[in-house]
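Reproduced below: upload.cif, with mmCIF, C-alpha atoms.
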data_my_file
loop_
_atom_site.label_atom_id
_atom_site.label_comp_id
_atom_site.auth_asym_id
_atom_site.auth_seq_id
_atom_site.Cartn_x
_atom_site.Cartn_y
_atom_site.Cartn_z
CA MET A 1 6.59 58.17 61.90
CA GLU A 2 6.75 58.78 65.62
CA VAL A 3 6.18 62.35 66.77
CA PRO A 4 6.31 63.37 70.43
CA LYS A 5 2.91 64.55 71.63
CA ASP A 6 4.08 67.98 72.71
CA LYS A 7 1.36 70.50 73.18
CA VAL A 8 1.28 73.61 71.06
CA LYS A 9 -0.91 76.66 71.60
CA PHE A 10 -2.35 78.91 68.90
CA ASN A 11 -4.06 82.26 69.21
CA VAL A 12 -6.16 82.52 66.05
CA GLY A 13 -7.95 85.82 65.65
CA GLY A 14 -8.14 86.22 69.43
CA ARG A 15 -9.30 82.67 70.22
CA VAL A 16 -6.80 80.36 71.95
CA MET A 17 -6.70 76.71 70.84
CA GLU A 18 -4.40 73.86 71.84
CA THR A 19 -3.35 70.79 69.94
CA THR A 20 -0.42 68.35 69.71
CA ALA A 21 2.52 67.85 67.41
CA THR A 22 0.98 64.57 66.26
CA THR A 23 -2.13 66.35 65.02
CA LEU A 24 -0.12 69.05 63.24
CA ALA A 25 2.13 66.47 61.59
CA ASN A 26 -0.96 65.01 59.90
CA ALA A 27 -1.07 68.17 57.78
CA GLY A 28 2.01 67.03 55.88
CA ARG A 29 5.35 68.49 54.91
CA ASN A 30 3.94 70.93 52.35
CA SER A 31 1.56 72.59 54.78
CA MET A 32 2.22 75.67 56.88
CA PHE A 33 2.50 73.39 59.91
CA GLY A 34 5.16 71.24 58.23
CA ALA A 35 7.68 74.04 58.81
CA MET A 36 7.32 73.45 62.56
CA PHE A 37 9.21 70.13 62.26
CA ASP A 38 12.73 69.23 61.25
CA GLU A 39 13.63 66.74 58.52
CA ASN A 40 13.10 63.82 60.94
CA TRP A 41 9.65 65.09 61.94
CA ASP A 42 10.90 66.12 65.36
CA PRO A 43 9.29 69.34 66.62
CA ILE A 44 11.48 72.41 66.43
CA SER A 45 11.47 73.60 70.03
CA ASP A 46 11.16 77.30 69.20
CA ASN A 47 7.83 76.58 67.51
CA PHE A 48 6.35 74.79 70.51
CA ASN A 49 7.56 76.81 73.49
CA SER A 50 5.37 79.84 73.04
CA GLU A 51 1.89 80.76 71.93
CA ARG A 52 1.72 81.41 68.20
CA PHE A 53 -0.56 84.15 66.94
CA ILE A 54 -2.28 83.76 63.53
CA ASP A 55 -4.40 86.60 62.23
CA ARG A 56 -6.98 84.40 60.52
CA ASN A 57 -10.56 83.19 60.96
CA PRO A 58 -10.81 81.17 64.22
CA ASP A 59 -13.98 79.25 63.21
CA CYS A 60 -12.32 77.89 60.09
CA PHE A 61 -9.14 77.05 61.98
CA ALA A 62 -11.18 75.00 64.47
CA VAL A 63 -12.82 73.04 61.62
CA LEU A 64 -9.47 72.33 59.96
CA LEU A 65 -7.86 71.37 63.27
CA ASP A 66 -10.65 68.87 63.90
CA LEU A 67 -10.13 67.49 60.38
CA LEU A 68 -6.45 66.88 61.15
CA ARG A 69 -7.40 65.13 64.40
CA THR A 70 -10.10 62.82 63.06
CA GLY A 71 -9.83 62.75 59.29
CA GLU A 72 -13.49 63.75 59.12
CA LEU A 73 -14.86 67.04 57.84
CA TYR A 74 -17.79 68.71 59.55
CA ILE A 75 -18.67 72.24 58.43
CA PRO A 76 -20.99 73.99 60.89
CA PRO A 77 -23.76 76.23 59.50
CA ASN A 78 -21.97 79.43 60.54
CA VAL A 79 -18.91 78.65 58.36
CA PRO A 80 -19.34 79.36 54.60
CA GLU A 81 -17.74 76.61 52.51
CA LYS A 82 -15.87 79.01 50.23
CA LEU A 83 -14.38 80.76 53.26
CA LEU A 84 -13.24 77.40 54.63
CA TYR A 85 -11.63 76.48 51.29
CA ARG A 86 -9.79 79.80 51.21
CA GLU A 87 -8.46 79.24 54.73
CA ALA A 88 -7.49 75.64 53.90
CA LEU A 89 -5.52 76.95 50.93
CA TYR A 90 -3.73 79.42 53.22
CA TYR A 91 -2.67 76.67 55.64
CA GLY A 92 -1.76 74.26 52.82
CA VAL A 93 -4.33 71.61 53.76
CA LEU A 94 -6.73 71.99 50.83
CA ASP A 95 -6.01 68.41 49.69
CA HIS A 96 -7.10 67.16 53.10
CA VAL A 97 -10.41 68.98 52.72
CA ARG A 98 -10.99 67.58 49.24
CA THR A 99 -10.14 64.04 50.34
CA ALA A 100 -12.57 64.28 53.24
CA LYS A 101 -15.28 65.84 51.08
CA TRP A 102 -15.47 63.13 48.45
CA SER A 103 -14.00 59.69 47.78
CA PRO A 104 -11.68 58.62 44.96
CA PHE A 105 -13.44 58.55 41.60
CA ASP A 106 -15.71 55.55 40.94
CA GLY A 107 -18.10 55.68 38.00
CA ASN A 108 -20.55 53.29 39.63
CA ARG A 109 -20.91 55.44 42.75
CA LEU A 110 -21.13 58.88 41.18
CA ARG A 111 -23.81 61.24 42.42
CA LEU A 112 -24.91 64.55 40.89
CA SER A 113 -23.34 67.27 43.02
CA ARG A 114 -24.68 70.35 41.25
CA SER A 115 -25.37 71.96 37.88
CA LEU A 116 -24.08 75.32 36.68
CA GLN A 117 -25.66 77.65 34.16
CA GLY A 118 -23.03 79.08 31.85
CA GLN A 119 -22.59 82.77 31.15
CA ALA A 120 -21.87 82.73 27.41
CA PRO A 121 -24.62 82.88 24.79
CA GLY A 122 -25.11 79.92 22.49
CA ASP A 123 -24.39 76.25 22.93
CA GLY A 124 -21.20 74.95 24.47
CA THR A 125 -18.87 72.95 22.26
CA ALA A 126 -16.37 71.33 24.65
CA ILE A 127 -15.70 70.82 28.35
CA ARG A 128 -12.38 69.77 29.87
CA ALA A 129 -11.79 68.72 33.48
CA GLY A 130 -8.82 70.31 35.20
CA PRO A 131 -6.24 68.42 37.29
CA ASP A 132 -7.43 70.04 40.55
CA GLY A 133 -11.18 69.51 40.14
CA GLY A 134 -11.95 72.63 38.12
CA CYS A 135 -12.96 72.77 34.47
CA CYS A 136 -13.09 74.95 31.38
CA VAL A 137 -15.93 75.27 28.87
CA ALA A 138 -15.61 76.42 25.25
CA HIS A 139 -18.45 78.43 23.70
CA GLY A 140 -17.74 79.58 20.15
CA SER A 141 -14.84 82.02 20.57
CA MET A 142 -15.02 82.11 24.39
CA VAL A 143 -13.48 79.86 27.04
CA HIS A 144 -14.86 80.01 30.57
CA VAL A 145 -12.59 78.71 33.34
CA TYR A 146 -13.77 77.49 36.75
CA ASP A 147 -11.64 76.55 39.75
CA TRP A 148 -12.35 73.51 41.92
CA MET A 149 -14.77 75.57 44.02
CA LEU A 150 -16.59 76.23 40.71
CA GLU A 151 -15.96 79.95 40.89
CA GLU A 152 -15.44 81.44 37.44
CA HIS A 153 -12.22 83.23 36.54
CA PRO A 154 -12.09 86.01 33.93
CA PRO A 155 -13.24 84.48 30.62
CA LEU A 156 -10.90 84.17 27.65
CA ASN A 157 -12.14 85.96 24.53
CA LEU A 158 -10.40 84.71 21.38
CA ASP A 159 -11.50 87.69 19.23
CA TYR A 160 -14.14 85.82 17.24
CA GLN A 161 -11.87 82.90 16.41
CA ARG A 162 -13.71 79.62 16.85
CA VAL A 163 -12.29 77.41 19.61
CA ASN A 164 -11.77 73.83 18.40
CA ASP A 165 -10.19 72.30 21.51
CA VAL A 166 -8.83 73.26 24.89
CA GLY A 167 -6.61 71.34 27.32
CA TRP A 168 -4.98 71.75 30.71
CA VAL A 169 -1.19 71.82 30.98
CA ASP A 170 -1.49 72.17 34.77
CA SER A 171 -3.83 73.90 37.19
CA ASP A 172 -2.40 77.32 36.22
CA ASN A 173 -2.16 77.02 32.42
CA ILE A 174 -4.42 75.96 29.57
CA VAL A 175 -3.80 75.51 25.84
CA ILE A 176 -6.44 76.66 23.35
CA GLY A 177 -6.59 75.75 19.67
CA VAL A 178 -8.61 77.97 17.31
CA SER A 179 -9.53 78.20 13.63
CA GLU A 180 -7.72 80.44 11.20
CA ARG A 181 -9.79 83.29 9.78
CA LEU A 182 -9.54 83.68 6.04
CA GLY A 183 -7.36 86.63 5.09
CA ARG A 184 -6.34 87.39 8.67
CA GLY A 185 -3.32 85.10 9.06
CA ASP A 186 -4.26 84.30 12.66
CA GLY A 187 -5.55 81.10 14.25
CA GLY A 188 -3.34 78.43 15.73
CA MET A 189 -2.68 77.60 19.36
CA GLY A 190 -1.72 79.54 22.49
CA LEU A 191 -0.87 78.99 26.15
CA PHE A 192 -2.99 81.05 28.55
CA GLY A 193 -3.01 81.62 32.28
CA SER A 194 -6.11 79.94 33.70
CA HIS A 195 -6.54 82.50 36.49
CA ASN A 196 -6.19 85.76 34.57
CA GLY A 197 -6.49 84.77 30.90
CA ASP A 198 -3.10 86.25 29.94
CA LEU A 199 -1.53 84.90 26.75
CA ARG A 200 1.85 83.41 27.74
CA TYR A 201 2.97 82.52 24.20
CA LYS A 202 1.75 81.26 20.83
CA PHE A 203 2.76 77.95 19.27
CA GLN A 204 3.93 78.49 15.71
CA VAL A 205 4.15 76.10 12.77
CA SER A 206 7.24 76.36 10.58
CA HIS A 207 7.33 74.83 7.10
CA GLU A 208 10.53 75.05 5.06
CA ASN A 209 11.84 77.66 7.51
CA HIS A 210 8.77 79.86 7.11
CA VAL A 211 6.19 80.51 9.84
CA LYS A 212 2.73 79.53 8.59
CA SER A 213 -0.77 80.36 9.79
CA TYR A 214 -2.90 77.32 10.56
CA THR A 215 -6.07 76.00 12.15
CA ALA A 216 -5.43 74.10 15.36
CA GLY A 217 -7.70 71.13 16.00
CA ALA A 218 -7.59 68.32 18.55
CA LEU A 219 -5.05 68.43 21.41
CA SER A 220 -3.17 65.86 23.46
CA PHE A 221 -0.38 65.96 26.05
CA SER A 222 2.41 63.58 27.06
CA PRO A 223 4.10 63.22 30.46
CA ASP A 224 7.41 64.51 29.05
CA TYR A 225 5.93 67.98 28.45
CA LYS A 226 5.03 67.63 24.78
CA ILE A 227 1.88 69.07 23.21
CA PHE A 228 0.36 67.43 20.13
CA CYS A 229 -2.13 69.18 17.87
CA SER A 230 -3.81 68.36 14.55
CA CYS A 231 -3.09 71.16 12.09
CA LYS A 232 -4.52 72.44 8.83
CA GLY A 233 -2.56 75.01 6.84
CA ARG A 234 -2.96 76.57 3.42
CA SER A 235 -0.34 74.54 1.58
CA ASN A 236 1.41 71.44 2.90
CA GLU A 237 0.99 71.98 6.65
CA TYR A 238 -1.58 69.19 7.08
CA GLY A 239 -0.73 66.79 9.84
CA VAL A 240 0.10 66.66 13.54
CA GLY A 241 2.53 69.12 15.14
CA VAL A 242 4.54 68.65 18.33
CA TRP A 243 5.67 71.44 20.65
CA ASP A 244 7.63 71.73 23.87
CA GLN A 245 5.11 73.05 26.39
CA VAL A 246 7.89 74.66 28.48
CA THR A 247 9.54 76.67 25.71
CA GLY A 248 6.66 76.82 23.23
CA LYS A 249 8.99 75.76 20.40
CA GLN A 250 7.96 73.38 17.63
CA ILE A 251 10.01 70.19 17.82
CA ASP A 252 8.37 67.89 15.25
CA PHE A 253 5.67 67.58 12.59
CA PHE A 254 4.09 64.45 11.12
CA TYR A 255 2.84 65.29 7.63
CA GLU A 256 -0.42 63.82 6.41
CA PRO A 257 0.10 60.92 3.95
CA LEU A 258 -1.69 61.05 0.63
CA GLY A 259 -5.14 59.50 0.88
CA TRP A 260 -5.26 59.67 4.69
CA SER A 261 -6.56 62.20 7.23
CA LEU A 262 -4.54 63.66 10.12
CA GLY A 263 -5.04 67.43 9.98
CA ASP A 264 -8.82 67.13 10.43
CA ALA A 265 -8.54 64.79 13.41
CA ASP A 266 -11.36 64.89 15.99
CA LYS A 267 -9.28 63.19 18.66
CA LEU A 268 -5.66 62.73 19.71
CA GLN A 269 -4.55 60.45 22.54
CA TRP A 270 -0.98 59.87 23.70
CA LEU A 271 -0.20 56.22 24.55
CA GLU A 272 2.61 56.19 27.07
CA GLY A 273 3.14 52.43 26.99
CA GLY A 274 3.44 52.26 23.22
CA ASN A 275 5.15 55.66 22.89
CA CYS A 276 2.84 56.60 20.05
CA LEU A 277 -0.13 58.84 19.30
CA LEU A 278 -3.68 57.80 18.45
CA VAL A 279 -5.11 60.04 15.71
CA ALA A 280 -8.80 59.61 14.85
CA THR A 281 -10.88 61.45 12.26
CA MET A 282 -14.53 60.47 12.47
CA PHE A 283 -17.73 60.87 10.51
CA PRO A 284 -19.31 63.41 9.88
CA ARG A 285 -16.18 65.60 9.81
CA LYS A 286 -15.04 63.40 6.94
CA ASP A 287 -17.10 61.08 4.75
CA ASN A 288 -14.96 58.25 6.02
CA CYS A 289 -13.34 57.40 9.34
CA TYR A 290 -9.56 57.19 9.74
CA ILE A 291 -7.84 55.83 12.87
CA SER A 292 -4.08 55.47 13.12
CA LEU A 293 -1.18 55.16 15.56
CA LEU A 294 1.80 57.40 14.81
CA ASP A 295 5.37 56.68 15.89
CA PHE A 296 7.21 60.00 15.85
CA ARG A 297 10.58 58.36 16.45
CA GLU A 298 10.38 56.27 13.29
CA LYS A 299 8.22 58.81 11.44
CA LYS A 300 5.76 56.15 10.41
CA MET A 301 2.20 54.96 10.89
CA VAL A 302 2.48 51.72 12.89
CA TRP A 303 -1.22 50.81 12.83
CA CYS A 304 -4.20 52.08 10.85
CA TRP A 305 -7.83 51.40 10.04
CA SER A 306 -10.42 53.06 7.83
CA ASP A 307 -13.98 52.35 6.73
CA MET A 308 -13.26 53.39 3.15
CA GLY A 309 -15.04 51.02 0.81
CA ALA A 310 -17.51 49.83 3.46
CA PRO A 311 -20.96 49.01 2.01
CA LEU A 312 -23.68 51.62 2.40
CA ALA A 313 -25.77 49.14 4.38
CA ALA A 314 -23.23 49.52 7.19
CA ASP A 315 -24.00 53.22 7.62
CA GLU A 316 -25.51 52.59 11.04
CA LYS A 317 -22.08 51.40 12.12
CA ARG A 318 -20.45 54.77 11.48
CA VAL A 319 -17.74 55.39 14.06
CA ARG A 320 -18.42 58.53 16.10
CA ASP A 321 -15.58 58.31 18.65
CA ALA A 322 -12.57 56.14 19.43
CA ILE A 323 -10.27 55.55 22.38
CA ALA A 324 -7.18 53.37 22.81
CA MET A 325 -7.14 50.87 25.69
CA GLU A 326 -3.49 49.99 26.24
CA ASP A 327 -4.15 47.43 28.98
CA ASN A 328 -6.36 45.47 26.58
CA ASN A 329 -4.27 46.02 23.44
CA SER A 330 -7.36 47.31 21.68
CA ILE A 331 -9.16 50.36 20.38
CA CYS A 332 -12.76 50.91 21.42
CA VAL A 333 -15.13 52.73 19.08
CA VAL A 334 -18.78 53.73 19.38
CA ASN A 335 -21.53 54.37 16.82
CA GLU A 336 -24.61 56.61 16.99
CA PHE A 337 -26.62 53.92 18.81
CA GLU A 338 -23.97 53.59 21.55
CA ASP A 339 -22.92 50.18 20.29
CA LEU A 340 -19.35 49.51 21.37
CA GLY A 341 -16.87 48.04 18.94
CA PHE A 342 -13.34 46.74 19.48
CA MET A 343 -10.29 46.40 17.26
CA ASP A 344 -7.17 44.39 18.15
CA LEU A 345 -3.98 46.46 18.19
CA ARG A 346 -1.83 43.34 18.05
CA SER A 347 -2.73 42.70 14.42
CA SER A 348 -0.65 44.61 11.91
CA ALA A 349 -3.71 45.67 9.95
CA ALA A 350 -7.23 45.74 11.32
CA THR A 351 -9.87 44.62 8.84
CA SER A 352 -13.06 44.63 10.90
CA ILE A 353 -14.64 45.82 14.11
CA ARG A 354 -16.09 43.40 16.63
CA TRP A 355 -19.34 45.13 17.54
CA SER A 356 -21.31 44.65 20.73
CA SER A 357 -25.05 45.44 20.56
CA ARG A 358 -26.02 45.37 24.23
CA SER A 359 -26.90 49.08 24.15
CA ARG A 360 -29.24 48.87 21.13
CA LEU A 361 -32.18 49.71 23.41
CA MET A 362 -31.47 53.32 22.45
CA LYS A 363 -32.29 52.65 18.79
CA GLY A 364 -35.34 54.48 17.53
CA LYS A 365 -35.23 57.02 20.36
CA MET A 366 -32.87 59.53 18.81
CA PRO A 367 -33.77 63.20 19.33
CA ASP A 368 -34.23 65.56 16.37
CA GLU A 369 -30.73 67.01 16.82
CA PRO A 370 -28.69 64.31 18.55
CA CYS A 371 -25.25 64.76 20.03
CA TYR A 372 -22.83 62.14 18.85
CA PRO A 373 -21.55 59.70 21.50
CA LYS A 374 -18.23 60.37 23.23
CA LEU A 375 -15.91 57.90 24.97
CA ALA A 376 -13.63 58.17 28.00
CA LEU A 377 -11.52 55.68 29.96
CA HIS A 378 -10.71 56.23 33.62
CA GLY A 379 -9.53 53.88 36.35
CA GLY A 380 -10.33 50.75 34.35
CA GLN A 381 -13.88 51.93 33.66
CA LEU A 382 -15.25 52.83 30.23
CA PHE A 383 -17.68 55.74 29.83
CA SER A 384 -19.93 56.50 26.85
CA SER A 385 -22.33 59.42 26.45
CA MET A 386 -25.60 59.03 24.59
CA ASN A 387 -28.42 61.57 24.41
CA ASP A 388 -28.94 62.81 28.00
CA CYS A 389 -27.08 60.05 29.87
CA ILE A 390 -23.61 58.57 30.35
CA SER A 391 -23.16 54.80 30.53
CA VAL A 392 -20.49 53.09 32.63
CA PHE A 393 -18.99 49.77 31.49
CA CYS A 394 -16.76 47.54 33.64
CA GLY A 395 -15.03 44.18 33.67
CA PRO A 396 -13.16 42.22 31.00
CA ASP A 397 -16.30 42.01 28.85
CA TRP A 398 -17.25 45.67 29.43
CA VAL A 399 -20.63 44.99 30.99
CA LEU A 400 -23.00 47.93 31.38
CA THR A 401 -23.04 48.55 35.16
CA SER A 402 -24.70 51.96 35.60
CA ARG A 403 -26.07 55.04 33.86
CA LEU A 404 -25.79 58.69 34.85
CA ARG A 405 -28.79 60.71 33.77
CA ARG A 406 -29.86 64.31 34.28
CA SER A 407 -33.19 65.44 32.80
CA TYR A 408 -32.40 69.16 32.52
CA GLY A 409 -30.33 70.64 29.71
CA GLY A 410 -30.95 68.26 26.82
CA SER A 411 -28.45 65.94 25.17
CA ILE A 412 -24.86 65.69 26.40
CA CYS A 413 -22.54 67.10 23.74
CA ASP A 414 -19.31 66.49 25.66
CA PHE A 415 -18.00 65.19 28.98
CA SER A 416 -14.65 64.99 30.73
CA ILE A 417 -13.15 63.30 33.80
CA GLY A 418 -10.44 64.75 36.06
CA GLY A 419 -9.72 65.87 39.60
CA ASP A 420 -12.03 63.10 40.92
CA ARG A 421 -15.00 64.65 39.10
CA LEU A 422 -17.00 64.02 35.95
CA PHE A 423 -18.26 67.10 34.06
CA ALA A 424 -21.08 66.75 31.50
CA LEU A 425 -21.92 69.60 29.11
CA HIS A 426 -25.46 69.77 27.70
CA SER A 427 -26.27 71.06 24.24
CA GLU A 428 -29.79 72.47 24.38
CA GLU A 429 -29.19 74.63 27.41
CA ASN A 430 -25.95 76.32 28.42
CA VAL A 431 -25.54 74.16 31.52
CA PHE A 432 -23.03 71.59 32.77
CA ASP A 433 -23.31 69.00 35.54
CA ILE A 434 -20.73 68.02 38.15
CA TRP A 435 -20.73 64.40 39.32
CA GLU A 436 -18.72 63.32 42.39
CA THR A 437 -18.15 60.12 44.36
CA PRO A 438 -19.55 60.60 47.88
CA THR A 439 -17.63 59.50 50.94
CA PRO A 440 -18.77 56.14 52.33
CA PRO A 441 -20.96 56.22 55.44
CA ILE A 442 -19.15 56.09 58.79
CA ILE A 443 -20.11 53.01 60.79
#
Show how you would write the structure in this file as structure tokens.
Amino acid sequence: MEVPKDKVKFNVGGRVMETTATTLANAGRNSMFGAMFDENWDPISDNFNSERFIDRNPDCFAVLLDLLRTGELYIPPNVPEKLLYREALYYGVLDHVRTAKWSPFDGNRLRLSRSLQGQAPGDGTAIRAGPDGGCCVAHGSMVHVYDWMLEEHPPLNLDYQRVNDVGWVDSDNIVIGVSERLGRGDGGMGLFGSHNGDLRYKFQVSHENHVKSYTAGALSFSPDYKIFCSCKGRSNEYGVGVWDQVTGKQIDFFYEPLGWSLGDADKLQWLEGGNCLLVATMFPRKDNCYISLLDFREKKMVWCWSDMGAPLAADEKRVRDAIAMEDNNSICVVNEFEDLGFMDLRSSAATSIRWSSRSRLMKGKMPDEPCYPKLALHGGQLFSSMNDCISVFCGPDWVLTSRLRRSYGGSICDFSIGGDRLFALHSEENVFDIWETPTPPII
């Protein structure tokens, strides 16, 4: 892209600054400066022939202009960061600021950025990273939403209905699943605005042409704008429902087979490559663990595993979380000692788990009220929480490469990765940590 180096002059809040078309073009098409160029990135003459006045903060403009020139971000002491972020949002260059502030996500290079004390009483139950670097935290019947600057928006109060899961549709909308209250006919799932907490619409379950109340459990989302949710009703509405996230209409329902568990699922995960849904119900929610892959097109379970009938001596191998790894054609599970286990998806019926015991150093050091391990997969790296730390595994053999530990707050009850950040929610104190990948040093 060749852009003539024509000078352009700005008067920002009374301070005159000059730059070139080349520098402004670095802001990109979607920025305020992108409108100064035609479709071929040639400067529109009217935009460059006269001084342009902008009634904004000149100190912030100077910082952002230097960022466009050099690709490096230096924030002088007299410029508050939140003010700079607000100005960057105005000019449409917020992504440039974020890119300069931290590197792409890498579990082995994460550093603790900060910790936040929550506002709600009681322990947190779930944390979910947003697509833009923000997050939301569920506490009982409350959901607290934070933007990428970690400023809290108005909290969502679900009127004493327990929140079971929450997920981001996009940076402006979140879906919340809550328990049904006996005799009230409420519960279910709703789409809320993340900035103001407004209820956009509720997702209903219809059974034999009748709308039913239900308890909404685990959530998952697919790229083609479908929302999946485990559901428990009062009669036959046990299973996994599917809704169109644009219209809010129910489009499918996979009913729970006799002798299996879908409606109580702890975890759902959409597998884009296999066009199917992982549904996992783990101990202690049920006495046994059930993991299956559902094909909604064929209305059948294409793969399943359960520990029903396992000997009592194998209790220490109870599965606490599971995650599908499409690139490896396997499902990874974890037990209470952070031992990783693997099952081959290429076999029609899995009969056993191949356990790895390299993390057994944690055995015998369990706290009085432990949090069960959780798993996450991001960028080819596997993450597992255990007590007050998160382990990172890499490579074809999933070698333990690093641990993230924070002494304050107690055990980690949940964690989530998104927006180039890792968020870890502690159980004993209402606090969550934010881990980021720092930018490499400039040589």
Kindly extract all protein, DNA and RNA residues lying within 9 Å of the coordinates (-9.4, 62.6, 32.7) given in the file, considering all atoms listed in the file, and supply them as a list of chain:residue names.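 Taken together, the residues in range are A:Arg128, A:Ala129, A:Gly130, A:Pro131, A:Ala376, A:Leu377, A:His378, A:Ser416, A:Ile417, A:Gly418, A:Gly419, A:Asp420, A:Arg421, A:Leu422.
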From A:Leu258, A:Ala126, A:Leu268, A:Leu156, residue lying nearest A:Gly193 [all atoms listed in the file] |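 Closest to A:Gly193, using all atoms listed in the file: A:Leu156.
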Of A:Val8, A:Ile127, A:Cys413, A:Val16, the one sitting nearest A:Ser385 when using only C-alpha atoms is A:Cys413
**Request:** Report the residues retrieved by the PyMOL selection byres ((chain A and resi 65-67) around 9) from the displayed file, expressed as JSON, numbers by chain.
**Result:** {"A": [19, 23, 24, 60, 61, 62, 63, 64, 68, 69, 70, 71, 72, 73, 74, 96, 97, 100]}
- Item | Separation of atom CA of A:Asn108 from atom CA of A:Val392, in Å and rounded to one decimal |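 About the pair atom CA of A:Asn108 and atom CA of A:Val392: they are 7.0 Å apart.
Taking atom CA of A:Lys226 as the reference point, atom CA of A:Asp244 is found at 4.9 Å.
Interatomic distance, atom CA of A:Asn157 to atom CA of A:Ser179: 13.6 Å.
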* **Residues returned when the PyMOL selection byres ((chain A and resi 216) around 7) runs on this file, as a list of chain:residue names** =>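 On the file shown, the PyMOL selection byres ((chain A and resi 216) around 7) covers A:Gly177, A:Val178, A:Ser179, A:Gly188, A:Met189, A:Tyr214, A:Thr215, A:Gly217, A:Ala218, A:Cys229, A:Ser230, A:Cys231, A:Lys232.
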Item to complete: Give as a ChimeraX atom specification each residue that has an atom at most 12 Å from (-1.9, 43.2, 27.5) in the file, counting all atoms listed in the file.
Response: /A:273-274,325-330,344-346,396
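Here the question is which of A:Gly140, A:Ser292, A:Ala27, A:Glu39 gets nearest to A:Ala88 using all atoms listed in the file, and that residue is A:Ala27.
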- Task: Go through A:Thr439, A:Ser306, A:Asn57, A:Ser352 one by one, measure the shortest atom-to-atom distance of each to A:Gly13 using only C-alpha atoms, and give the residue with the smallest value.
- Result: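 Of A:Thr439, A:Ser306, A:Asn57, A:Ser352, the one nearest A:Gly13, counting only C-alpha atoms, is A:Asn57.
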Name all residues at most 12 Å from A:Asp132 (count all atoms listed in the file; drop same-chain ones fewer than 6 positions away) and give them as an mmCIF file with C-alpha atoms, in the frame of the given file.
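Written output follows (out.cif):
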data_model
loop_
_atom_site.group_PDB
_atom_site.id
_atom_site.type_symbol
_atom_site.label_atom_id
_atom_site.label_comp_id
_atom_site.auth_asym_id
_atom_site.auth_seq_id
_atom_site.Cartn_x
_atom_site.Cartn_y
_atom_site.Cartn_z
ATOM 1 C CA LEU A 94 -6.730 71.990 50.830
ATOM 2 C CA ASP A 95 -6.010 68.410 49.690
ATOM 3 C CA ARG A 98 -10.990 67.580 49.240
ATOM 4 C CA THR A 99 -10.140 64.040 50.340
ATOM 5 C CA TYR A 146 -13.770 77.490 36.750
ATOM 6 C CA ASP A 147 -11.640 76.550 39.750
ATOM 7 C CA TRP A 148 -12.350 73.510 41.920
ATOM 8 C CA MET A 149 -14.770 75.570 44.020
ATOM 9 C CA LEU A 150 -16.590 76.230 40.710
ATOM 10 C CA TRP A 168 -4.980 71.750 30.710
ATOM 11 C CA VAL A 169 -1.190 71.820 30.980
ATOM 12 C CA ASP A 170 -1.490 72.170 34.770
ATOM 13 C CA SER A 171 -3.830 73.900 37.190
ATOM 14 C CA ASP A 172 -2.400 77.320 36.220
ATOM 15 C CA ASN A 173 -2.160 77.020 32.420
ATOM 16 C CA ILE A 417 -13.150 63.300 33.800
ATOM 17 C CA GLY A 418 -10.440 64.750 36.060
ATOM 18 C CA GLY A 419 -9.720 65.870 39.600
ATOM 19 C CA ASP A 420 -12.030 63.100 40.920
ATOM 20 C CA ARG A 421 -15.000 64.650 39.100
#
Item to complete: Name the closest residue to A:Leu404 among the candidates A:Leu271, A:Ile54, A:Val205, A:Leu110; distances are taken between atoms, counting all atoms listed in the file.
Response: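 Residue with the minimum atom-to-atom distance to A:Leu404: A:Leu110.
Proximity ranking of A:Gly233, A:Gly124, A:Gly14, A:Pro440 relative to A:Asp55 places A:Gly14 first, based on only C-alpha atoms.
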Which centre and edge lengths in Å to one decimal define the box along x, y and z that fits every listed atom of stretch 213-227 of chain A plus 8 Å per side, as lines of an AutoDock Vina configuration file?
center_x = -0.1
center_y = 71.8
center_z = 20.1
size_x = 31.1
size_y = 33.1
size_z = 36.7
